[in-house]
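> So here's input.tsv (TSV, C-alpha atoms).
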```tsv
chain	number	residue	atom	x	y	z
A	3	MET	CA	156.74	116.61	-26.07
A	4	ALA	CA	156.66	114.37	-22.99
A	5	ALA	CA	153.23	113.23	-21.95
A	6	SER	CA	151.86	114.91	-18.83
A	7	GLY	CA	151.35	112.72	-15.76
A	8	LYS	CA	147.97	114.27	-15.13
A	9	VAL	CA	144.83	112.34	-16.03
A	10	ALA	CA	142.33	114.46	-17.93
A	11	ALA	CA	139.15	115.27	-16.05
A	12	PHE	CA	136.07	113.45	-17.31
A	13	ARG	CA	133.71	115.43	-19.55
A	14	LEU	CA	130.59	114.12	-21.25
A	15	PRO	CA	130.86	113.83	-25.04
A	16	PRO	CA	128.56	115.99	-27.21
A	17	LEU	CA	124.94	114.98	-26.55
A	18	PRO	CA	121.48	116.24	-27.42
A	19	THR	CA	120.48	119.08	-25.09
A	20	VAL	CA	118.02	118.41	-22.26
A	21	LYS	CA	115.42	120.29	-24.30
A	22	GLU	CA	116.11	118.00	-27.28
A	23	ILE	CA	115.87	114.91	-25.04
A	24	ILE	CA	112.45	116.09	-23.85
A	25	LYS	CA	111.33	116.53	-27.46
A	26	LEU	CA	112.96	113.30	-28.67
A	27	PHE	CA	111.18	111.11	-26.10
A	28	ASN	CA	108.00	113.24	-26.06
A	29	LEU	CA	108.37	113.94	-22.32
A	30	ARG	CA	105.87	116.11	-20.50
A	31	ALA	CA	105.95	117.08	-16.85
A	32	GLN	CA	103.02	115.54	-15.02
A	33	LYS	CA	101.28	117.98	-12.71
A	34	GLN	CA	99.93	115.22	-10.44
A	35	LEU	CA	103.55	114.16	-9.77
A	36	SER	CA	104.68	117.77	-9.12
A	37	GLN	CA	107.25	117.48	-11.92
A	38	ASN	CA	109.16	120.56	-13.09
A	39	PHE	CA	112.17	120.37	-15.42
A	40	LEU	CA	115.27	122.51	-14.99
A	41	LEU	CA	116.84	123.06	-18.42
A	42	ASP	CA	119.45	125.76	-17.71
A	43	LEU	CA	122.77	123.90	-17.27
A	44	ARG	CA	124.30	126.92	-15.53
A	45	LEU	CA	121.76	126.40	-12.75
A	46	THR	CA	122.20	122.63	-12.65
A	47	ASP	CA	125.98	123.17	-12.42
A	48	LYS	CA	125.38	125.55	-9.51
A	49	ILE	CA	123.25	122.94	-7.71
A	50	ALA	CA	126.00	120.33	-8.15
A	51	ARG	CA	128.61	122.78	-6.80
A	52	GLN	CA	126.57	123.24	-3.60
A	53	ALA	CA	127.22	119.60	-2.76
A	54	GLY	CA	130.94	120.35	-2.38
A	55	LYS	CA	133.83	118.46	-3.97
A	56	LEU	CA	132.26	115.70	-6.07
A	57	LYS	CA	135.36	114.45	-7.91
A	58	ASP	CA	135.77	110.68	-7.29
A	59	SER	CA	132.70	110.66	-5.02
A	60	HIS	CA	129.69	108.35	-5.02
A	61	VAL	CA	126.40	110.15	-5.62
A	62	CYS	CA	122.74	109.16	-5.50
A	63	GLU	CA	120.55	111.48	-7.54
A	64	VAL	CA	116.88	111.35	-6.62
A	65	GLY	CA	114.36	111.79	-9.44
A	66	PRO	CA	116.76	112.79	-12.23
A	67	GLY	CA	113.94	113.21	-14.76
A	68	PRO	CA	115.34	114.26	-18.16
A	69	GLY	CA	118.86	114.42	-16.72
A	70	GLY	CA	119.80	118.10	-16.37
A	71	ILE	CA	121.42	117.82	-12.92
A	72	THR	CA	122.69	114.37	-13.93
A	73	ARG	CA	124.92	115.95	-16.61
A	74	SER	CA	126.32	118.45	-14.12
A	75	ILE	CA	127.12	115.69	-11.61
A	76	LEU	CA	128.84	113.57	-14.27
A	77	ASN	CA	130.86	116.57	-15.46
A	78	ALA	CA	132.10	116.95	-11.86
A	79	ASP	CA	133.97	113.66	-12.48
A	80	VAL	CA	132.25	111.44	-9.92
A	81	ALA	CA	133.33	107.84	-9.42
A	82	GLN	CA	129.79	106.46	-9.41
A	83	LEU	CA	126.33	107.92	-9.99
A	84	LEU	CA	123.21	106.06	-8.88
A	85	LEU	CA	120.00	107.36	-10.47
A	86	VAL	CA	116.72	106.45	-8.75
A	87	GLU	CA	113.81	107.29	-11.04
A	88	LYS	CA	110.19	106.26	-10.51
A	89	ASP	CA	108.83	107.44	-13.90
A	90	THR	CA	109.59	104.94	-16.69
A	91	ARG	CA	109.29	107.65	-19.36
A	92	PHE	CA	112.67	109.09	-18.33
A	93	ILE	CA	114.65	105.83	-18.42
A	94	PRO	CA	115.60	105.88	-22.17
A	95	GLY	CA	117.06	109.40	-21.89
A	96	LEU	CA	118.99	108.44	-18.77
A	97	GLN	CA	120.32	105.32	-20.53
A	98	MET	CA	121.72	107.63	-23.21
A	99	LEU	CA	123.66	109.46	-20.49
A	100	SER	CA	124.78	106.15	-19.01
A	101	GLU	CA	126.20	105.06	-22.37
A	102	ALA	CA	128.06	108.38	-22.64
A	103	ALA	CA	129.75	107.75	-19.27
A	104	PRO	CA	130.72	104.04	-19.38
A	105	GLY	CA	130.93	102.34	-15.99
A	106	LYS	CA	129.87	105.40	-14.03
A	107	VAL	CA	126.06	105.29	-14.03
A	108	HIS	CA	123.66	102.79	-12.48
A	109	ILE	CA	119.94	103.36	-13.13
A	110	VAL	CA	117.30	102.07	-10.73
A	111	HIS	CA	113.66	102.21	-11.75
A	112	GLY	CA	111.98	102.54	-8.37
A	113	ASP	CA	110.59	104.71	-5.60
A	114	ILE	CA	113.15	106.50	-3.41
A	115	LEU	CA	110.74	106.18	-0.46
A	116	THR	CA	111.19	102.39	-0.50
A	117	TYR	CA	114.67	102.04	-2.07
A	118	LYS	CA	117.28	100.49	0.26
A	119	MET	CA	120.14	102.95	-0.13
A	120	GLU	CA	122.23	101.23	2.55
A	121	ARG	CA	123.07	98.64	-0.11
A	122	ALA	CA	123.76	101.15	-2.89
A	123	PHE	CA	127.47	101.81	-2.45
A	124	PRO	CA	130.62	99.80	-1.55
A	125	LYS	CA	131.14	99.09	2.15
A	126	HIS	CA	134.67	100.48	2.08
A	127	LEU	CA	133.17	103.98	1.82
A	128	GLN	CA	131.81	103.73	5.37
A	129	LYS	CA	133.27	106.13	7.94
A	130	LYS	CA	132.86	106.46	11.69
A	131	TRP	CA	130.11	108.91	12.64
A	132	GLU	CA	132.54	111.26	14.40
A	133	ASP	CA	134.83	111.39	11.33
A	134	ASP	CA	134.46	113.81	8.42
A	135	PRO	CA	131.48	113.07	6.12
A	136	PRO	CA	132.02	110.12	3.74
A	137	ASN	CA	132.59	110.49	0.02
A	138	VAL	CA	128.88	109.84	-0.52
A	139	HIS	CA	126.27	112.45	-1.49
A	140	ILE	CA	122.53	112.64	-2.09
A	141	ILE	CA	121.43	115.24	-4.63
A	142	GLY	CA	117.96	115.84	-6.02
A	143	ASN	CA	115.46	118.22	-7.54
A	144	LEU	CA	112.62	116.76	-5.49
A	145	PRO	CA	108.99	116.80	-6.64
A	146	PHE	CA	107.07	119.05	-4.26
A	147	SER	CA	104.65	116.24	-3.38
A	148	VAL	CA	107.35	114.01	-1.83
A	149	SER	CA	109.91	116.51	-0.54
A	150	THR	CA	108.56	116.85	3.02
A	151	PRO	CA	107.79	113.15	3.74
A	152	LEU	CA	111.15	112.24	2.18
A	153	ILE	CA	113.23	114.63	4.29
A	154	ILE	CA	111.39	113.48	7.44
A	155	ARG	CA	112.21	109.88	6.45
A	156	TRP	CA	115.89	110.75	5.94
A	157	LEU	CA	116.06	112.73	9.19
A	158	GLU	CA	114.83	109.62	10.98
A	159	ASN	CA	117.57	107.69	9.17
A	160	VAL	CA	120.09	110.27	10.43
A	161	SER	CA	118.82	109.76	13.99
A	162	ASN	CA	119.09	105.96	13.66
A	163	ARG	CA	122.29	106.11	11.54
A	164	ASP	CA	120.77	103.75	9.01
A	165	GLY	CA	119.61	103.95	5.37
A	166	PRO	CA	121.91	106.37	3.46
A	167	PHE	CA	123.68	107.13	6.75
A	168	VAL	CA	125.23	103.70	7.28
A	169	TYR	CA	128.18	105.25	5.40
A	170	GLY	CA	128.52	108.00	8.02
A	171	ARG	CA	127.32	111.59	7.96
A	172	THR	CA	126.21	111.56	4.31
A	173	GLN	CA	125.56	115.07	3.00
A	174	MET	CA	122.37	115.99	1.13
A	175	THR	CA	121.78	118.78	-1.40
A	176	LEU	CA	118.07	119.01	-2.21
A	177	THR	CA	115.51	121.37	-3.71
A	178	PHE	CA	112.34	122.44	-1.91
A	179	GLN	CA	109.61	125.00	-2.41
A	180	LYS	CA	111.04	128.29	-1.15
A	181	GLU	CA	108.54	128.35	1.73
A	182	VAL	CA	109.53	124.83	2.86
A	183	ALA	CA	113.23	125.77	2.65
A	184	GLU	CA	112.54	128.80	4.84
A	185	ARG	CA	110.84	126.56	7.40
A	186	LEU	CA	113.77	124.13	7.39
A	187	THR	CA	116.24	126.92	8.16
A	188	ALA	CA	114.05	129.24	10.28
A	189	THR	CA	115.57	130.66	13.46
A	190	THR	CA	113.93	130.94	16.90
A	191	GLY	CA	111.18	133.55	16.92
A	192	SER	CA	110.88	133.87	13.14
A	193	LYS	CA	107.57	133.72	11.31
A	194	GLN	CA	108.56	130.52	9.44
A	195	ARG	CA	109.63	128.61	12.58
A	196	SER	CA	107.84	125.24	12.49
A	197	ARG	CA	108.00	121.53	13.22
A	198	LEU	CA	110.34	121.11	10.23
A	199	SER	CA	112.76	123.71	11.67
A	200	ILE	CA	113.21	121.74	14.89
A	201	MET	CA	113.31	118.26	13.33
A	202	ALA	CA	115.96	119.30	10.79
A	203	GLN	CA	118.11	121.51	12.99
A	204	TYR	CA	118.39	119.23	16.00
A	205	LEU	CA	120.00	116.62	13.74
A	206	CYS	CA	121.77	118.58	10.99
A	207	THR	CA	123.50	121.77	10.02
A	208	VAL	CA	120.96	123.12	7.52
A	209	GLN	CA	121.85	125.84	5.00
A	210	ASN	CA	119.60	127.55	2.47
A	211	ARG	CA	122.20	128.00	-0.31
A	212	PHE	CA	120.32	129.88	-3.05
A	213	THR	CA	116.90	130.38	-4.63
A	214	ILE	CA	115.92	129.56	-8.22
A	215	PRO	CA	113.05	131.63	-9.66
A	216	GLY	CA	110.06	129.58	-10.76
A	217	ARG	CA	110.41	130.90	-14.32
A	218	ALA	CA	113.62	128.82	-14.69
A	219	PHE	CA	111.56	125.61	-14.64
A	220	VAL	CA	109.39	123.99	-17.30
A	221	PRO	CA	106.50	124.11	-16.68
A	222	LYS	CA	106.81	127.16	-14.45
A	223	PRO	CA	105.62	126.37	-10.89
A	224	GLU	CA	103.65	128.95	-8.94
A	225	VAL	CA	106.47	129.22	-6.39
A	226	ASP	CA	110.22	129.76	-6.37
A	227	VAL	CA	112.56	126.89	-5.45
A	228	SER	CA	115.44	126.87	-2.96
A	229	VAL	CA	118.49	124.61	-2.74
A	230	VAL	CA	119.13	123.36	0.80
A	231	HIS	CA	122.28	121.60	2.05
A	232	PHE	CA	122.22	119.21	5.03
A	233	THR	CA	125.21	117.91	7.00
A	234	PRO	CA	124.34	115.56	9.90
A	235	LEU	CA	125.72	116.66	13.27
A	236	VAL	CA	128.22	114.48	15.14
A	237	GLN	CA	126.01	114.81	18.23
A	238	PRO	CA	122.27	115.54	17.86
A	239	LYS	CA	121.11	118.51	19.90
A	240	ILE	CA	118.35	116.38	21.47
A	241	GLN	CA	119.48	112.98	22.75
A	242	GLN	CA	116.16	111.16	22.58
A	243	PRO	CA	114.59	108.68	20.10
A	244	PHE	CA	113.35	110.29	16.88
A	245	LYS	CA	109.72	109.21	17.39
A	246	LEU	CA	109.63	110.77	20.86
A	247	VAL	CA	111.09	114.07	19.60
A	248	GLU	CA	108.70	114.05	16.64
A	249	LYS	CA	105.68	113.50	18.92
A	250	VAL	CA	106.61	116.33	21.30
A	251	VAL	CA	107.46	118.80	18.51
A	252	LYS	CA	104.35	117.93	16.49
A	253	SER	CA	102.10	118.35	19.55
A	254	VAL	CA	103.59	121.72	20.50
A	255	PHE	CA	103.18	123.09	16.96
A	256	GLN	CA	99.63	121.75	16.73
A	257	PHE	CA	98.50	125.10	18.10
A	258	ARG	CA	101.21	127.37	16.71
A	259	ARG	CA	99.28	130.62	17.37
A	260	LYS	CA	98.54	129.76	21.00
A	261	TYR	CA	100.76	129.50	24.08
A	262	CYS	CA	102.96	126.40	24.11
A	263	TRP	CA	101.16	124.88	27.13
A	264	ARG	CA	98.19	124.21	24.82
A	265	GLY	CA	100.26	121.86	22.65
A	266	VAL	CA	101.96	120.22	25.64
A	267	GLU	CA	98.53	119.41	27.09
A	268	ILE	CA	97.58	117.08	24.25
A	269	LEU	CA	100.46	114.74	25.07
A	270	PHE	CA	98.32	113.54	28.00
A	271	PRO	CA	94.89	111.89	28.44
A	272	GLU	CA	92.08	114.27	29.34
A	273	ALA	CA	91.66	112.94	32.89
A	274	GLU	CA	95.19	114.00	33.90
A	275	ARG	CA	95.92	116.65	31.27
A	276	LEU	CA	96.17	119.71	33.47
A	277	GLU	CA	98.29	118.10	36.18
A	278	LYS	CA	100.68	116.30	33.80
A	279	SER	CA	101.22	119.24	31.44
A	280	GLU	CA	102.05	121.52	34.38
A	281	GLN	CA	104.46	118.87	35.68
A	282	MET	CA	106.18	118.54	32.29
A	283	LEU	CA	106.60	122.30	31.79
A	284	MET	CA	107.97	122.62	35.34
A	285	LEU	CA	110.44	119.76	34.82
A	286	ALA	CA	111.57	121.32	31.53
A	287	ASP	CA	111.75	124.83	33.04
A	288	VAL	CA	109.81	126.22	30.06
A	289	ASP	CA	107.59	129.32	30.33
A	290	PRO	CA	104.06	128.09	29.44
A	291	THR	CA	103.19	131.48	27.89
A	292	LEU	CA	105.85	131.25	25.17
A	293	ARG	CA	104.45	130.54	21.72
A	294	PRO	CA	105.80	127.52	19.77
A	295	ALA	CA	107.88	129.66	17.37
A	296	GLN	CA	109.60	131.29	20.38
A	297	LEU	CA	110.94	127.98	21.67
A	298	SER	CA	114.63	127.26	21.02
A	299	ILE	CA	116.17	123.85	20.38
A	300	LEU	CA	117.27	123.91	24.04
A	301	HIS	CA	113.65	124.41	25.12
A	302	PHE	CA	112.62	121.40	23.02
A	303	LYS	CA	115.53	119.37	24.39
A	304	ASN	CA	114.28	120.05	27.93
A	305	LEU	CA	110.68	119.27	26.96
A	306	CYS	CA	111.70	115.97	25.35
A	307	ASN	CA	113.83	115.00	28.35
A	308	ALA	CA	110.94	115.78	30.70
A	309	TYR	CA	108.46	113.81	28.57
A	310	ARG	CA	110.87	110.85	28.40
A	311	LYS	CA	111.16	110.85	32.22
A	312	MET	CA	107.37	110.83	32.51
A	313	CYS	CA	107.05	108.04	29.92
A	314	ASP	CA	109.60	105.97	31.87
A	315	GLU	CA	107.41	106.37	34.96
A	316	ASP	CA	104.18	105.53	33.07
A	317	ALA	CA	104.71	102.93	30.32
A	318	SER	CA	101.29	103.59	28.74
A	319	LEU	CA	101.90	107.32	28.25
A	320	PHE	CA	103.87	107.24	24.99
A	321	SER	CA	101.16	105.24	23.20
A	322	TYR	CA	98.48	107.82	24.08
A	323	ASN	CA	97.07	109.51	20.98
A	324	TYR	CA	95.09	112.74	21.33
A	325	ARG	CA	93.32	112.36	17.98
A	326	GLU	CA	92.23	108.82	18.79
A	327	GLU	CA	90.74	110.06	22.07
A	328	LEU	CA	88.79	112.73	20.15
A	329	LYS	CA	87.51	110.13	17.69
A	330	GLN	CA	86.47	107.84	20.53
A	331	LYS	CA	84.56	110.67	22.25
A	332	LYS	CA	82.84	111.49	18.96
A	333	ARG	CA	81.82	107.84	18.48
A	334	THR	CA	80.53	107.67	22.06
A	335	ARG	CA	78.46	110.85	21.61
A	336	LYS	CA	77.05	109.55	18.33
A	337	LYS	CA	76.12	106.23	19.92
A	338	GLY	CA	74.46	108.09	22.81
A	339	HIS	CA	72.38	110.20	20.39
A	340	LEU	CA	71.27	107.08	18.51
A	341	GLU	CA	70.23	105.30	21.70
A	342	GLN	CA	68.28	108.36	22.85
A	343	SER	CA	66.51	108.57	19.46
A	344	GLU	CA	65.56	104.87	19.71
A	345	ARG	CA	64.11	105.38	23.22
A	346	GLU	CA	62.08	108.38	22.02
A	347	ASP	CA	60.75	106.35	19.08
A	348	GLN	CA	59.54	103.68	21.48
A	349	LEU	CA	57.49	106.17	23.55
```
Translate this structure into structure tokens?


Amino acid sequence: MAASGKVAAFRLPPLPTVKEIIKLFNLRAQKQLSQNFLLDLRLTDKIARQAGKLKDSHVCEVGPGPGGITRSILNADVAQLLLVEKDTRFIPGLQMLSEAAPGKVHIVHGDILTYKMERAFPKHLQKKWEDDPPNVHIIGNLPFSVSTPLIIRWLENVSNRDGPFVYGRTQMTLTFQKEVAERLTATTGSKQRSRLSIMAQYLCTVQNRFTIPGRAFVPKPEVDVSVVHFTPLVQPKIQQPFKLVEKVVKSVFQFRRKYCWRGVEILFPEAERLEKSEQMLMLADVDPTLRPAQLSILHFKNLCNAYRKMCDEDASLFSYNYREELKQKKRTRKKGHLEQSEREDQL
């Protein structure tokens, strides 16, 4: 029979199960690191499928742990898999997977918060921002303790088009606590609408793909876990620097149960708070009696544009910090009390 011209898809050879790897290397999830292992390969396959077509792609897996999702990614026939793992206990098990997939796996022992992913993959993979997403993916079952600071870091990278996004609009498929996932995807007016909703959605298309019950993990967390997919937008919905958007959004949600004018106020020093906050809300054409969760991305766009205009007119405004002013007032009051006590002692 003539040989077929098709090249067989890559499949991992027979290996110890993830459960056996855990037993073999005496691995235990560390509570202080928010570690939870996913052993069901049907679920890890489903996570990998949410990333889209992975065949011949270049993937960075964050925190692979004992390698459950790693197996599913490799079985999708990727060209290259970069594993960034902070916990040295998992390295021997990951090396076993690397040996089973010669030339495909590169293991980095390090912290994803400091790892320079812009150097991780070949330069020829880079695409223009307005083109389709590059053949580069980030996938990870993130520890709960780092998931929020990490996605904020990556959203800033999206805004600046640096880090993992030097290759173009790199897609991310990540796990979060169900509640965090609901915040990331919350719509205007919903109970879960938050700072995370605005910061994620002004920069990306964010989709909550499916939820994994906590009982599927070892050890079982107290919450369920959701898989969220991010695709950076060609044009962000707010055309202002990330730090400025973050400051406005964070201030507004500081008092999420109150009217939005209360959060806008704290963008300004006390001496001119009332006047400046009224000016900003008028410039932005935003109803001061709306609550933060009722504000749309368009509302925040107008607020950020108004704040930027005011910062351009007053160079010292952006550096103003409400919390620092509170601390300074507290120190001044304390000093005043001490001086008064000293005077009374001298009488």

> Just want the 7 Å neighbourhood of segment 308-318 of chain A, counted on all atoms listed in the file, with same-chain residues fewer than 2 positions away dropped. Output as a list in words.

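Contacts, in chain order: Met282, Leu285, Ala286, Asn304, Leu305, Cys306, Phe320, Ser321 and Tyr322 of chain A.
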
> Which one is closest to Gly65 of chain A: A:Ala218, A:Leu205, A:Val20, A:Val148? Count all atoms listed in the file.

A:Val148

> In the coordinate frame of the file, compute which residues have an atom within 12 Å of (126.6, 122.8, -6.7) when using all atoms listed in the file, and state them as a PyMOL selection string.

chain A and resi 43-56+71-72+74-75+77-78+139-142+174-177+211-212+229-231

> Hey, what's within 6 Å of Asp79 of chain A if we count all atoms listed in the file and toss same-chain stuff fewer than 3 positions away? As an MDAnalysis selection string, please?

chainID A and resid 12 57 76

> With distances taken over only C-alpha atoms, which of A:Leu328, A:Met98, A:Leu127, A:Leu297 is nearest to Leu17 of chain A?

A:Met98

> Give me, please, the distance in Å between atom CA of Pro243 of chain A and atom CA of Gln281 of chain A, quoted to one decimal.

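These two atoms are separated by 21.2 Å.
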